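Down below is the structure, laid out as structure tokens.
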Amino acid sequence: MDFTKTTEQDSHYNHLEQKSIAELLKAINTEDHSVPKAVKKALPQIEILVKNVVQQLQLGGRLFYMGAGTSGRLGILDASECPPTFGVSHDVVIGLIAGGDSAIRKAVEFAEDDTKQGWKDLQGYNITPSDIVVGIAASGTTPYVVGALEQCNQHHIPTGCITCNAGSPLAKTAQFPIEVVVGPEVVTGSSRMKAGTAQKLILNMITTTAMIQLGRIKGNKMVDMQLSNHKLVNRGTRMLMKELNISEHEAKRLLEEHQSVRAAITAFKSL
């Protein structure tokens, strides 16, 4: 390799098994403090990728996340939260993980080493140049992800990535790379820690910013959220009470009738 994997470098802490609980917690927390600073340095790269995500979604395309292990699970988590939060269809943001859905809970041995399976998985969704594919890999070397992005590039499908090593094969493959270098982990090589946190922060940024740009937020409220439990119904009721200056009874009636905060606001204002 022609680059250094900082995600694999030795921890700054040694003899962990001899430390007290308080010492271990302090060490982890100290390292965690560095993550937002690393993400801040990557903001220009994140902006470029988000602009392209918004552009593709406006064309009617889809956002695909691809990863293995922790990275794959984080992509699936972010994708799964878009429908309830923003009211979009489940096929707008799609998360794929090496080894298939069973790998969400249990690791599938060597699944990430298949250079061809990622592209096969994308073909199962009839991937087109209207879509955009973001590979997630802390190492920046995961064959499942790199191989998929190489094929996407050949088929004129826009590609981005989130990686925690500078100058990785993945970053060199992606058209819109994000490199957020968080350095060694407290437990050497355990990239589910700082690297995973950095990836989660960036995924939050990508979908939240994109959905705001697509008009899925009004003011600062989730007016398109799915009313899937009592907590969210109550939240929707409070939104209507404040936005329309109406009673709780009237807000609940509107929400029950229209099953959507946005639709209830529109209906009330059209009266």
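Chain labels run A, B, ... following the order of the structure tokens; each chain numbers its residues from 1, and ligands are numbered from 1 in the order shown.
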Selection: 12 Å around Asn29 (chain A), only C-alpha atoms, excl. self and same-chain fewer than 4 positions, as a PDB file with N, CA and C atoms, in the first residue's frame:
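Saved as result-v6.pdb:
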```
ATOM      1  N   ALA A  22     -12.939   4.266  35.503  1.00  0.00           N
ATOM      2  CA  ALA A  22     -12.882   5.722  35.343  1.00  0.00           C
ATOM      3  C   ALA A  22     -11.794   6.135  34.365  1.00  0.00           C
ATOM      4  N   GLU A  23     -10.653   5.493  34.444  1.00  0.00           N
ATOM      5  CA  GLU A  23      -9.534   5.809  33.535  1.00  0.00           C
ATOM      6  C   GLU A  23      -9.877   5.454  32.093  1.00  0.00           C
ATOM      7  N   LEU A  24     -10.520   4.318  31.911  1.00  0.00           N
ATOM      8  CA  LEU A  24     -10.898   3.900  30.564  1.00  0.00           C
ATOM      9  C   LEU A  24     -11.925   4.856  29.960  1.00  0.00           C
ATOM     10  N   LEU A  25     -12.927   5.234  30.761  1.00  0.00           N
ATOM     11  CA  LEU A  25     -13.952   6.149  30.273  1.00  0.00           C
ATOM     12  C   LEU A  25     -13.350   7.502  29.902  1.00  0.00           C
ATOM     13  N   HIS A  33     -13.426  13.483  21.725  1.00  0.00           N
ATOM     14  CA  HIS A  33     -13.446  14.940  21.546  1.00  0.00           C
ATOM     15  C   HIS A  33     -12.804  15.366  20.228  1.00  0.00           C
ATOM     16  N   SER A  34     -11.912  14.541  19.712  1.00  0.00           N
ATOM     17  CA  SER A  34     -11.191  14.909  18.484  1.00  0.00           C
ATOM     18  C   SER A  34     -12.022  14.687  17.223  1.00  0.00           C
ATOM     19  N   VAL A  35     -13.105  13.922  17.332  1.00  0.00           N
ATOM     20  CA  VAL A  35     -13.867  13.535  16.141  1.00  0.00           C
ATOM     21  C   VAL A  35     -14.548  14.721  15.448  1.00  0.00           C
ATOM     22  N   GLU A 185      -7.313   4.459  17.329  1.00  0.00           N
ATOM     23  CA  GLU A 185      -8.388   4.218  18.292  1.00  0.00           C
ATOM     24  C   GLU A 185      -7.801   3.862  19.661  1.00  0.00           C
ATOM     25  N   VAL A 186      -8.608   4.006  20.717  1.00  0.00           N
ATOM     26  CA  VAL A 186      -8.167   3.614  22.057  1.00  0.00           C
ATOM     27  C   VAL A 186      -7.796   2.133  22.061  1.00  0.00           C
ATOM     28  N   MET A 193     -15.186   2.679  16.800  1.00  0.00           N
ATOM     29  CA  MET A 193     -15.156   3.729  17.818  1.00  0.00           C
ATOM     30  C   MET A 193     -15.100   5.112  17.168  1.00  0.00           C
ATOM     31  N   LYS A 194     -13.961   5.785  17.154  1.00  0.00           N
ATOM     32  CA  LYS A 194     -13.896   7.142  16.599  1.00  0.00           C
ATOM     33  C   LYS A 194     -14.269   7.176  15.122  1.00  0.00           C
ATOM     34  N   THR A 197     -17.979   6.863  14.803  1.00  0.00           N
ATOM     35  CA  THR A 197     -18.640   8.099  15.221  1.00  0.00           C
ATOM     36  C   THR A 197     -18.547   9.160  14.129  1.00  0.00           C
TER      37      THR A 197
END
```
* Name all residues at most 10 Å from Met211 (chain A) (count only C-alpha atoms; drop same-chain ones fewer than 6 positions away) and give them as an MDAnalysis selection string. => chainID A and resid 54 57 82 85:88 205 217
* Which residues, written as JSON, numbers by chain, have at least one atom at most 12 Å from Asn126 (chain A), with only C-alpha atoms counted and residues fewer than 6 positions away on the same chain left out? -> {"A": [61, 62, 64, 91, 119, 120, 157]}
Please write the residues from the selection above to a file, keeping N, CA and C atoms, as a short mmCIF file (atom, residue, chain, number, x, y, z; two decimals), in the first residue's frame.
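Everything below was put into out.cif:
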```
data_model
loop_
_atom_site.label_atom_id
_atom_site.label_comp_id
_atom_site.auth_asym_id
_atom_site.auth_seq_id
_atom_site.Cartn_x
_atom_site.Cartn_y
_atom_site.Cartn_z
N GLY A 61 -33.49 10.39 -8.81
CA GLY A 61 -32.58 9.28 -8.53
C GLY A 61 -32.61 8.88 -7.06
N ARG A 62 -31.76 7.94 -6.71
CA ARG A 62 -31.71 7.41 -5.36
C ARG A 62 -30.30 7.54 -4.79
N PHE A 64 -27.58 5.56 -2.63
CA PHE A 64 -27.19 4.24 -2.12
C PHE A 64 -25.98 4.39 -1.20
N ASP A 91 -37.46 3.64 -0.86
CA ASP A 91 -36.53 3.40 -1.98
C ASP A 91 -35.81 4.68 -2.42
N TRP A 119 -21.23 -4.68 -6.85
CA TRP A 119 -21.87 -4.29 -8.10
C TRP A 119 -23.08 -5.16 -8.40
N LYS A 120 -22.97 -6.44 -8.08
CA LYS A 120 -24.12 -7.34 -8.25
C LYS A 120 -25.29 -6.88 -7.39
N ILE A 157 -22.19 6.36 -13.24
CA ILE A 157 -23.01 6.57 -12.05
C ILE A 157 -22.17 7.35 -11.03
#
```
Could you pull out all residues of region 15-246 of chain A with a DSSP call of strand (DSSP E) and give them as a PDB file with N, CA and C atoms, in the first residue's frame?
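Output below, filename result_5.pdb:
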```pdb
ATOM      1  N   LEU A  63     -30.201   7.564  -3.480  1.00  0.00           N
ATOM      2  CA  LEU A  63     -28.921   7.565  -2.782  1.00  0.00           C
ATOM      3  C   LEU A  63     -28.675   6.169  -2.220  1.00  0.00           C
ATOM      4  N   PHE A  64     -27.579   5.561  -2.634  1.00  0.00           N
ATOM      5  CA  PHE A  64     -27.190   4.245  -2.125  1.00  0.00           C
ATOM      6  C   PHE A  64     -25.982   4.394  -1.204  1.00  0.00           C
ATOM      7  N   TYR A  65     -26.047   3.751  -0.028  1.00  0.00           N
ATOM      8  CA  TYR A  65     -24.896   3.609   0.850  1.00  0.00           C
ATOM      9  C   TYR A  65     -24.406   2.172   0.747  1.00  0.00           C
ATOM     10  N   MET A  66     -23.088   1.997   0.702  1.00  0.00           N
ATOM     11  CA  MET A  66     -22.522   0.653   0.643  1.00  0.00           C
ATOM     12  C   MET A  66     -21.376   0.528   1.640  1.00  0.00           C
ATOM     13  N   GLY A  67     -21.379  -0.567   2.403  1.00  0.00           N
ATOM     14  CA  GLY A  67     -20.290  -0.783   3.338  1.00  0.00           C
ATOM     15  C   GLY A  67     -20.277  -2.209   3.847  1.00  0.00           C
ATOM     16  N   VAL A  93     -33.486   6.395  -0.165  1.00  0.00           N
ATOM     17  CA  VAL A  93     -32.160   6.177   0.419  1.00  0.00           C
ATOM     18  C   VAL A  93     -32.065   4.700   0.792  1.00  0.00           C
ATOM     19  N   ILE A  94     -31.085   4.013   0.230  1.00  0.00           N
ATOM     20  CA  ILE A  94     -30.986   2.557   0.378  1.00  0.00           C
ATOM     21  C   ILE A  94     -29.603   2.189   0.916  1.00  0.00           C
ATOM     22  N   GLY A  95     -29.578   1.387   1.958  1.00  0.00           N
ATOM     23  CA  GLY A  95     -28.319   0.927   2.528  1.00  0.00           C
ATOM     24  C   GLY A  95     -28.046  -0.526   2.178  1.00  0.00           C
ATOM     25  N   LEU A  96     -26.845  -0.795   1.713  1.00  0.00           N
ATOM     26  CA  LEU A  96     -26.434  -2.161   1.364  1.00  0.00           C
ATOM     27  C   LEU A  96     -25.216  -2.545   2.205  1.00  0.00           C
ATOM     28  N   ILE A  97     -25.195  -3.803   2.643  1.00  0.00           N
ATOM     29  CA  ILE A  97     -24.092  -4.291   3.463  1.00  0.00           C
ATOM     30  C   ILE A  97     -23.536  -5.582   2.881  1.00  0.00           C
ATOM     31  N   ILE A 132     -26.905   7.894  -7.144  1.00  0.00           N
ATOM     32  CA  ILE A 132     -25.563   8.192  -6.646  1.00  0.00           C
ATOM     33  C   ILE A 132     -25.218   7.163  -5.575  1.00  0.00           C
ATOM     34  N   VAL A 133     -23.987   6.692  -5.578  1.00  0.00           N
ATOM     35  CA  VAL A 133     -23.552   5.629  -4.667  1.00  0.00           C
ATOM     36  C   VAL A 133     -22.429   6.146  -3.778  1.00  0.00           C
ATOM     37  N   VAL A 134     -22.616   6.018  -2.472  1.00  0.00           N
ATOM     38  CA  VAL A 134     -21.609   6.456  -1.499  1.00  0.00           C
ATOM     39  C   VAL A 134     -21.057   5.234  -0.770  1.00  0.00           C
ATOM     40  N   GLY A 135     -19.786   4.976  -0.969  1.00  0.00           N
ATOM     41  CA  GLY A 135     -19.119   3.870  -0.289  1.00  0.00           C
ATOM     42  C   GLY A 135     -18.628   4.318   1.079  1.00  0.00           C
ATOM     43  N   ILE A 136     -18.855   3.484   2.080  1.00  0.00           N
ATOM     44  CA  ILE A 136     -18.439   3.801   3.449  1.00  0.00           C
ATOM     45  C   ILE A 136     -17.445   2.736   3.905  1.00  0.00           C
ATOM     46  N   THR A 159     -20.268   8.782  -7.850  1.00  0.00           N
ATOM     47  CA  THR A 159     -19.797   8.048  -6.675  1.00  0.00           C
ATOM     48  C   THR A 159     -19.183   8.987  -5.639  1.00  0.00           C
ATOM     49  N   GLY A 160     -19.430   8.668  -4.379  1.00  0.00           N
ATOM     50  CA  GLY A 160     -18.799   9.363  -3.268  1.00  0.00           C
ATOM     51  C   GLY A 160     -18.316   8.346  -2.259  1.00  0.00           C
ATOM     52  N   CYS A 161     -17.635   8.800  -1.241  1.00  0.00           N
ATOM     53  CA  CYS A 161     -17.205   7.869  -0.200  1.00  0.00           C
ATOM     54  C   CYS A 161     -16.973   8.598   1.115  1.00  0.00           C
ATOM     55  N   ILE A 162     -16.990   7.822   2.186  1.00  0.00           N
ATOM     56  CA  ILE A 162     -16.594   8.302   3.514  1.00  0.00           C
ATOM     57  C   ILE A 162     -15.538   7.334   4.027  1.00  0.00           C
ATOM     58  N   THR A 163     -14.329   7.839   4.238  1.00  0.00           N
ATOM     59  CA  THR A 163     -13.254   6.994   4.723  1.00  0.00           C
ATOM     60  C   THR A 163     -12.457   7.736   5.783  1.00  0.00           C
ATOM     61  N   PHE A 176     -16.364  11.925  -5.528  1.00  0.00           N
ATOM     62  CA  PHE A 176     -16.565  12.945  -4.493  1.00  0.00           C
ATOM     63  C   PHE A 176     -16.195  12.345  -3.128  1.00  0.00           C
ATOM     64  N   PRO A 177     -14.902  12.236  -2.844  1.00  0.00           N
ATOM     65  CA  PRO A 177     -14.476  11.572  -1.603  1.00  0.00           C
ATOM     66  C   PRO A 177     -14.564  12.472  -0.383  1.00  0.00           C
ATOM     67  N   ILE A 178     -14.843  11.856   0.751  1.00  0.00           N
ATOM     68  CA  ILE A 178     -14.752  12.520   2.053  1.00  0.00           C
ATOM     69  C   ILE A 178     -13.730  11.739   2.873  1.00  0.00           C
ATOM     70  N   GLU A 179     -12.678  12.414   3.286  1.00  0.00           N
ATOM     71  CA  GLU A 179     -11.648  11.783   4.104  1.00  0.00           C
ATOM     72  C   GLU A 179     -11.629  12.476   5.464  1.00  0.00           C
TER      73      GLU A 179
END
```
* Between A:Pro84, A:Thr173, A:Lys26, A:Ser191, which one has atoms that come closest to Ser260 (chain A), using only C-alpha atoms? ->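 Among the listed residues, A:Pro84 lies closest to Ser260 (chain A).
Closest approach to Ser130 (chain A) from the set A:Ser270, A:Cys152, A:Val180, A:Thr4 is made by A:Cys152, with distances taken over only C-alpha atoms.
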* Using DSSP on the backbone coordinates, identify the residues of region 70-259 of chain A assigned to alpha helix (DSSP H); present them as JSON, numbers by chain. => {"A": [70, 71, 72, 73, 74, 75, 76, 77, 78, 79, 80, 81, 82, 83, 84, 85, 86, 117, 118, 119, 120, 121, 122, 123, 143, 144, 145, 146, 147, 148, 149, 150, 151, 152, 153, 154, 169, 170, 171, 172, 173, 194, 195, 196, 197, 198, 199, 200, 201, 202, 203, 204, 205, 206, 207, 208, 209, 210, 211, 212, 213, 230, 231, 232, 233, 234, 235, 236, 237, 238, 239, 240, 241, 242, 243, 244, 248, 249, 250, 251, 252, 253, 254, 255, 256, 257, 258]}
* Asked: Taking into account only C-alpha atoms, which residue in the set A:Lys242, A:Arg262, A:His155, A:Lys40 is nearest to Asp224 (chain A)?
  ->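 Once distances to Asp224 (chain A) are computed over only C-alpha atoms, the minimum belongs to A:Arg262.
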* Asked: With only C-alpha atoms as the basis for distance, which of A:Val53, A:Ala137, A:Val181, A:Val92 is at the shortest distance from Lys41 (chain A)?
  ->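 Of A:Val53, A:Ala137, A:Val181, A:Val92, the one nearest Lys41 (chain A), counting only C-alpha atoms, is A:Val181.
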* Asked: Quick one, how far is CA of Gln123 (chain A) from CA of Asp101 (chain A)?
  ->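 Answer for the CA of Gln123 (chain A) to CA of Asp101 (chain A) separation: 16.3 Å.
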